[in-house]
file coords_32.cif (mmCIF, C-alpha atoms)
data_final
#
loop_
_atom_site.group_PDB
_atom_site.id
_atom_site.type_symbol
_atom_site.label_atom_id
_atom_site.label_comp_id
_atom_site.auth_asym_id
_atom_site.auth_seq_id
_atom_site.Cartn_x
_atom_site.Cartn_y
_atom_site.Cartn_z
ATOM 1 C CA MET A 3 27.067 47.554 -1.274
ATOM 2 C CA MET A 4 23.502 46.258 -0.861
ATOM 3 C CA LYS A 5 23.153 42.861 0.776
ATOM 4 C CA SER A 6 21.631 40.204 -1.494
ATOM 5 C CA ASP A 7 18.279 38.629 -0.656
ATOM 6 C CA ARG A 8 18.828 34.895 0.005
ATOM 7 C CA LEU A 9 16.118 32.743 -1.568
ATOM 8 C CA ILE A 10 15.102 29.140 -1.037
ATOM 9 C CA PHE A 11 12.503 27.668 -3.400
ATOM 10 C CA TYR A 12 9.957 25.156 -2.095
ATOM 11 C CA ILE A 13 8.416 23.254 -5.003
ATOM 12 C CA ASP A 14 5.337 21.087 -4.598
ATOM 13 C CA GLY A 15 6.223 18.449 -7.182
ATOM 14 C CA PHE A 16 2.819 16.847 -7.709
ATOM 15 C CA ASN A 17 1.069 20.226 -7.721
ATOM 16 C CA LEU A 18 3.451 21.408 -10.420
ATOM 17 C CA TYR A 19 3.174 18.162 -12.406
ATOM 18 C CA PHE A 20 -0.608 18.225 -12.499
ATOM 19 C CA GLY A 21 -0.556 21.904 -13.390
ATOM 20 C CA LEU A 22 1.632 21.179 -16.408
ATOM 21 C CA LYS A 23 -0.575 18.211 -17.264
ATOM 22 C CA SER A 24 -3.712 20.347 -17.129
ATOM 23 C CA ARG A 25 -2.237 22.662 -19.757
ATOM 24 C CA GLY A 26 -1.165 19.772 -21.969
ATOM 25 C CA TRP A 27 2.505 20.637 -21.458
ATOM 26 C CA ARG A 28 3.823 17.088 -21.280
ATOM 27 C CA LYS A 29 6.804 18.040 -23.450
ATOM 28 C CA TYR A 30 7.958 20.311 -20.620
ATOM 29 C CA TYR A 31 8.043 17.632 -17.899
ATOM 30 C CA TRP A 32 11.855 17.305 -18.343
ATOM 31 C CA LEU A 33 12.168 20.447 -16.284
ATOM 32 C CA ASP A 34 15.486 21.847 -15.115
ATOM 33 C CA LEU A 35 14.546 23.271 -11.722
ATOM 34 C CA GLU A 36 17.753 25.285 -11.354
ATOM 35 C CA GLN A 37 17.214 27.009 -14.679
ATOM 36 C CA MET A 38 13.559 27.643 -13.914
ATOM 37 C CA CYS A 39 14.194 29.128 -10.483
ATOM 38 C CA SER A 40 17.074 31.231 -11.783
ATOM 39 C CA ARG A 41 14.730 32.725 -14.394
ATOM 40 C CA LEU A 42 12.378 33.766 -11.596
ATOM 41 C CA LEU A 43 15.017 35.729 -9.706
ATOM 42 C CA ARG A 44 15.052 39.502 -9.558
ATOM 43 C CA PRO A 45 18.128 41.725 -9.262
ATOM 44 C CA ASN A 46 19.909 41.436 -5.904
ATOM 45 C CA GLN A 47 18.419 37.995 -5.202
ATOM 46 C CA GLU A 48 20.605 34.952 -4.552
ATOM 47 C CA LEU A 49 19.379 31.406 -5.137
ATOM 48 C CA VAL A 50 20.793 29.307 -2.287
ATOM 49 C CA LYS A 51 18.710 26.105 -2.414
ATOM 50 C CA ILE A 52 15.790 24.398 -4.152
ATOM 51 C CA ARG A 53 13.715 21.973 -2.136
ATOM 52 C CA TYR A 54 11.606 19.649 -4.303
ATOM 53 C CA PHE A 55 8.835 17.698 -2.587
ATOM 54 C CA THR A 56 7.428 14.561 -4.182
ATOM 55 C CA ALA A 57 6.747 10.854 -3.652
ATOM 56 C CA ARG A 58 7.884 7.782 -5.539
ATOM 57 C CA ILE A 59 4.996 6.284 -7.539
ATOM 58 C CA ASN A 60 6.129 2.696 -7.082
ATOM 59 C CA GLN A 61 2.579 1.302 -7.239
ATOM 60 C CA SER A 62 1.890 2.796 -10.659
ATOM 61 C CA PRO A 63 2.382 1.163 -14.092
ATOM 62 C CA GLU A 64 6.014 0.268 -14.701
ATOM 63 C CA ASP A 65 6.549 2.673 -17.604
ATOM 64 C CA LYS A 66 5.293 5.636 -15.562
ATOM 65 C CA ARG A 67 7.407 4.620 -12.575
ATOM 66 C CA LYS A 68 10.514 4.395 -14.773
ATOM 67 C CA ARG A 69 9.899 7.852 -16.250
ATOM 68 C CA GLN A 70 9.659 9.361 -12.795
ATOM 69 C CA GLN A 71 12.757 7.504 -11.597
ATOM 70 C CA THR A 72 14.730 8.784 -14.597
ATOM 71 C CA TYR A 73 13.641 12.334 -13.877
ATOM 72 C CA LEU A 74 14.446 12.129 -10.171
ATOM 73 C CA GLU A 75 17.934 10.811 -10.951
ATOM 74 C CA ALA A 76 18.398 13.704 -13.373
ATOM 75 C CA LEU A 77 17.356 16.192 -10.696
ATOM 76 C CA GLU A 78 19.883 14.679 -8.302
ATOM 77 C CA THR A 79 22.661 15.927 -10.600
ATOM 78 C CA LEU A 80 21.654 19.566 -10.000
ATOM 79 C CA PRO A 81 23.821 20.966 -7.168
ATOM 80 C CA LEU A 82 21.196 23.236 -5.613
ATOM 81 C CA VAL A 83 18.320 20.726 -5.678
ATOM 82 C CA GLN A 84 17.417 18.623 -2.654
ATOM 83 C CA ILE A 85 14.577 16.116 -3.001
ATOM 84 C CA HIS A 86 12.236 15.431 -0.079
ATOM 85 C CA TYR A 87 10.041 12.350 -0.272
ATOM 86 C CA GLY A 88 6.551 11.834 1.060
ATOM 87 C CA ALA A 89 4.451 8.712 0.500
ATOM 88 C CA TYR A 90 2.373 7.423 -2.403
ATOM 89 C CA LEU A 91 -0.485 5.419 -0.960
ATOM 90 C CA ALA A 92 -3.046 3.018 -2.383
ATOM 91 C CA THR A 93 -6.550 3.360 -0.953
ATOM 92 C CA PRO A 94 -9.376 0.893 -1.748
ATOM 93 C CA GLN A 95 -12.453 2.668 -3.091
ATOM 94 C CA LYS A 96 -15.998 1.627 -4.023
ATOM 95 C CA CYS A 97 -18.278 3.404 -6.472
ATOM 96 C CA ILE A 98 -21.428 4.563 -4.639
ATOM 97 C CA LYS A 99 -23.512 4.021 -7.786
ATOM 98 C CA CYS A 100 -22.444 0.585 -9.032
ATOM 99 C CA SER A 101 -20.388 -0.779 -6.079
ATOM 100 C CA HIS A 102 -17.425 -1.364 -8.394
ATOM 101 C CA GLU A 103 -14.242 -1.635 -6.337
ATOM 102 C CA PHE A 104 -11.051 0.099 -7.453
ATOM 103 C CA THR A 105 -7.820 1.468 -6.045
ATOM 104 C CA LYS A 106 -7.109 5.181 -5.753
ATOM 105 C CA TYR A 107 -3.493 6.316 -5.568
ATOM 106 C CA SER A 108 -2.602 9.575 -3.869
ATOM 107 C CA GLU A 109 0.473 11.457 -2.708
ATOM 108 C CA LYS A 110 0.714 12.191 1.004
ATOM 109 C CA ARG A 111 2.837 14.312 3.356
ATOM 110 C CA SER A 112 4.319 16.803 0.875
ATOM 111 C CA ASP A 113 2.305 19.642 2.408
ATOM 112 C CA VAL A 114 3.525 18.700 5.889
ATOM 113 C CA ASN A 115 7.108 18.350 4.685
ATOM 114 C CA ILE A 116 6.985 21.761 3.009
ATOM 115 C CA ALA A 117 5.483 23.381 6.109
ATOM 116 C CA VAL A 118 8.150 21.860 8.368
ATOM 117 C CA LYS A 119 11.012 22.979 6.133
ATOM 118 C CA LEU A 120 9.580 26.487 5.737
ATOM 119 C CA ILE A 121 9.556 26.910 9.495
ATOM 120 C CA THR A 122 12.790 25.115 10.405
ATOM 121 C CA ASP A 123 14.717 26.902 7.650
ATOM 122 C CA ALA A 124 13.417 30.201 9.034
ATOM 123 C CA MET A 125 14.495 29.169 12.527
ATOM 124 C CA GLU A 126 17.993 28.400 11.231
ATOM 125 C CA ASN A 127 18.024 31.683 9.265
ATOM 126 C CA LEU A 128 18.765 29.918 5.974
ATOM 127 C CA TYR A 129 16.764 32.368 3.860
ATOM 128 C CA ASP A 130 15.593 35.960 3.729
ATOM 129 C CA SER A 131 12.761 35.091 1.350
ATOM 130 C CA ALA A 132 11.101 31.739 0.713
ATOM 131 C CA VAL A 133 9.522 31.123 -2.681
ATOM 132 C CA LEU A 134 6.610 28.710 -2.802
ATOM 133 C CA ILE A 135 5.589 27.020 -6.038
ATOM 134 C CA SER A 136 2.297 25.476 -5.026
ATOM 135 C CA ALA A 137 -1.406 26.142 -4.742
ATOM 136 C CA ASP A 138 -2.056 23.868 -1.768
ATOM 137 C CA SER A 139 -4.204 25.769 0.721
ATOM 138 C CA ASP A 140 -3.020 23.409 3.491
ATOM 139 C CA LEU A 141 0.210 25.441 3.507
ATOM 140 C CA THR A 142 -1.627 28.579 4.646
ATOM 141 C CA PRO A 143 -1.136 28.037 8.417
ATOM 142 C CA ALA A 144 2.623 27.547 7.995
ATOM 143 C CA VAL A 145 2.907 30.745 5.952
ATOM 144 C CA GLU A 146 0.887 32.630 8.566
ATOM 145 C CA ALA A 147 3.191 31.260 11.284
ATOM 146 C CA ILE A 148 6.238 32.575 9.417
ATOM 147 C CA GLY A 149 4.630 36.011 9.237
ATOM 148 C CA LYS A 150 3.893 35.994 12.968
ATOM 149 C CA HIS A 151 7.117 34.567 14.368
ATOM 150 C CA PHE A 152 9.642 35.697 11.725
ATOM 151 C CA PRO A 153 8.434 39.137 10.613
ATOM 152 C CA SER A 154 11.665 39.896 8.743
ATOM 153 C CA LYS A 155 11.174 36.899 6.440
ATOM 154 C CA ARG A 156 9.157 37.172 3.225
ATOM 155 C CA ILE A 157 7.145 34.459 1.509
ATOM 156 C CA ARG A 158 6.781 34.818 -2.247
ATOM 157 C CA LEU A 159 4.273 32.724 -4.197
ATOM 158 C CA PHE A 160 4.062 31.346 -7.719
ATOM 159 C CA PHE A 161 1.101 29.223 -8.741
ATOM 160 C CA PRO A 162 1.651 26.243 -11.056
ATOM 161 C CA PRO A 163 -0.372 26.452 -14.281
ATOM 162 C CA GLU A 164 -4.117 25.980 -13.813
ATOM 163 C CA ARG A 165 -3.773 26.021 -10.011
ATOM 164 C CA SER A 166 -4.757 28.651 -7.427
ATOM 165 C CA SER A 167 -5.660 29.171 -3.784
ATOM 166 C CA VAL A 168 -7.170 32.370 -2.428
ATOM 167 C CA SER A 169 -6.188 31.631 1.177
ATOM 168 C CA LEU A 170 -2.568 30.849 0.293
ATOM 169 C CA ARG A 171 -2.295 33.922 -1.935
ATOM 170 C CA ASN A 172 -3.645 36.142 0.841
ATOM 171 C CA ALA A 173 -1.263 34.675 3.422
ATOM 172 C CA CYS A 174 1.909 35.179 1.356
ATOM 173 C CA HIS A 175 3.661 38.533 1.359
ATOM 174 C CA ILE A 176 4.183 38.738 -2.408
ATOM 175 C CA TYR A 177 2.161 37.054 -5.146
ATOM 176 C CA CYS A 178 4.402 36.671 -8.207
ATOM 177 C CA GLY A 179 1.914 35.171 -10.666
ATOM 178 C CA VAL A 180 1.456 31.863 -12.482
ATOM 179 C CA LEU A 181 4.366 29.959 -14.012
ATOM 180 C CA ASN A 182 4.124 30.621 -17.723
ATOM 181 C CA LYS A 183 4.978 28.705 -20.856
ATOM 182 C CA THR A 184 8.051 30.779 -21.617
ATOM 183 C CA THR A 185 9.620 30.023 -18.240
ATOM 184 C CA VAL A 186 9.085 26.263 -18.332
ATOM 185 C CA SER A 187 9.799 25.797 -22.048
ATOM 186 C CA ARG A 188 13.172 27.543 -21.731
ATOM 187 C CA SER A 189 14.113 25.615 -18.577
ATOM 188 C CA GLN A 190 14.600 22.101 -19.923
ATOM 189 C CA LEU A 191 17.339 19.645 -19.040
ATOM 190 C CA PRO A 192 19.715 18.478 -21.802
ATOM 191 C CA HIS A 193 18.324 15.545 -23.810
ATOM 192 C CA THR A 194 20.807 13.243 -22.047
ATOM 193 C CA VAL A 195 22.084 13.767 -18.504
ATOM 194 C CA ILE A 196 24.842 11.748 -16.850
ATOM 195 C CA SER A 197 23.677 10.463 -13.483
ATOM 196 C CA LYS A 198 25.700 10.654 -10.290
ATOM 197 C CA ALA A 199 26.425 6.951 -10.766
ATOM 198 C CA GLY A 200 27.835 7.668 -14.243
ATOM 199 C CA HIS A 201 25.118 6.236 -16.492
ATOM 200 C CA PRO A 202 23.140 8.213 -19.122
ATOM 201 C CA LEU A 203 19.641 9.428 -18.352
ATOM 202 C CA THR A 204 17.693 10.179 -21.519
ATOM 203 C CA ARG A 205 14.572 12.293 -21.749
ATOM 204 C CA PRO A 206 11.612 9.855 -21.881
ATOM 205 C CA VAL A 207 10.227 9.502 -25.413
ATOM 206 C CA HIS A 208 6.721 9.885 -23.971
ATOM 207 C CA TRP A 209 7.662 13.444 -22.962
ATOM 208 C CA SER A 210 8.868 14.496 -26.404
#
call {"tool": "encode", "arguments": {"input": "coords_32.cif", "output": "structure tokens"}}
result
Amino acid sequence: MMKSDRLIFYIDGFNLYFGLKSRGWRKYYWLDLEQMCSRLLRPNQELVKIRYFTARINQSPEDKRKRQQTYLEALETLPLVQIHYGAYLATPQKCIKCSHEFTKYSEKRSDVNIAVKLITDAMENLYDSAVLISADSDLTPAVEAIGKHFPSKRIRLFFPPERSSVSLRNACHIYCGVLNKTTVSRSQLPHTVISKAGHPLTRPVHWS
């Protein structure tokens, strides 16, 4: 009997979100990561874990923050999903043309967190193949390190919609393509999910 290929998915949350946003797929934000990853499996592959990397947008408008919080609580109900948090930082900016001052918000540390988990999971032999869903070229050195130090491991790559990276694609062993509409549209959470604390989590109206 052939041994199954153990897979861990590493999902760059903001990269995926902005990819969906670029395509105008807001109605697919209520994404069931377990369903989506299961649809991407091939025969003789076993899904053992999904690592989702993001940051809480607590400095953003309250309605946006609440939508994200609802979604994160919904994800916490999925047995195979583990959420890893980076930071969401506010940086003062000034327009070089008119000197207008404004605040720019940006997510930090997800690329580092993904790189660390890719390598430490390989060290602990938790996967045979890692599946990246990202187009962040900053992950290229970590993927190259896996290839050098863990030659039996394979890194598979899916790009989020409207995202790509030549260096990351070249570094990964197998390029699997871009996440398509069929995959994400058929991988939606139920309209209402019961949280771990026992209260209902309803799909945000803004995402309908």
call {"tool": "closest_residue", "arguments": {"input": "coords_32.cif", "among": "A:Ala199, A:Pro206, A:Ile148, A:His193", "to": "Lys66 of chain A", "atoms": "all atoms listed in the file"}}
result
A:Pro206
call {"tool": "atom_distance", "arguments": {"input": "coords_32.cif", "atom1": "atom CA of Ala173 of chain A", "atom2": "atom CA of Ile157 of chain A"}}
result
8.6 Å
call {"tool": "resolve_selection", "arguments": {"input": "coords_32.cif", "expression": "the PyMOL selection byres ((chain A and resi 25-41) around 8)", "output": "count of residues only"}}
result
27
call {"tool": "residues_around", "arguments": {"input": "coords_32.cif", "residues": "Arg8 of chain A", "least_positions_apart": "5", "cutoff": "12 Å", "atoms": "all atoms listed in the file", "output": "list in words"}}
result
Leu43, Arg44, Pro45, Asn46, Gln47, Glu48, Leu49, Val50, Lys51, Ile52, Asp123, Ala124, Asn127, Leu128, Tyr129, Asp130, Ser131, Ala132, Val133, Lys155, Arg156 and Ile157 of chain A
call {"tool": "resolve_selection", "arguments": {"input": "coords_32.cif", "expression": "the PyMOL selection byres ((chain A and resi 203) around 10)", "output": "list of chain:residue names"}}
result
A:Gln71, A:Thr72, A:Tyr73, A:Glu75, A:Ala76, A:Pro192, A:His193, A:Thr194, A:Val195, A:Ile196, A:Ser197, A:Gly200, A:His201, A:Pro202, A:Thr204, A:Arg205, A:Pro206
call {"tool": "atom_distance", "arguments": {"input": "coords_32.cif", "atom1": "atom CA of Gly88 of chain A", "atom2": "atom CA of Val145 of chain A"}}
result
19.9 Å
call {"tool": "closest_residue", "arguments": {"input": "coords_32.cif", "among": "A:Arg158, A:Lys5, A:Arg111, A:Arg69", "to": "Ala57 of chain A", "atoms": "all atoms listed in the file"}}
result
A:Arg111
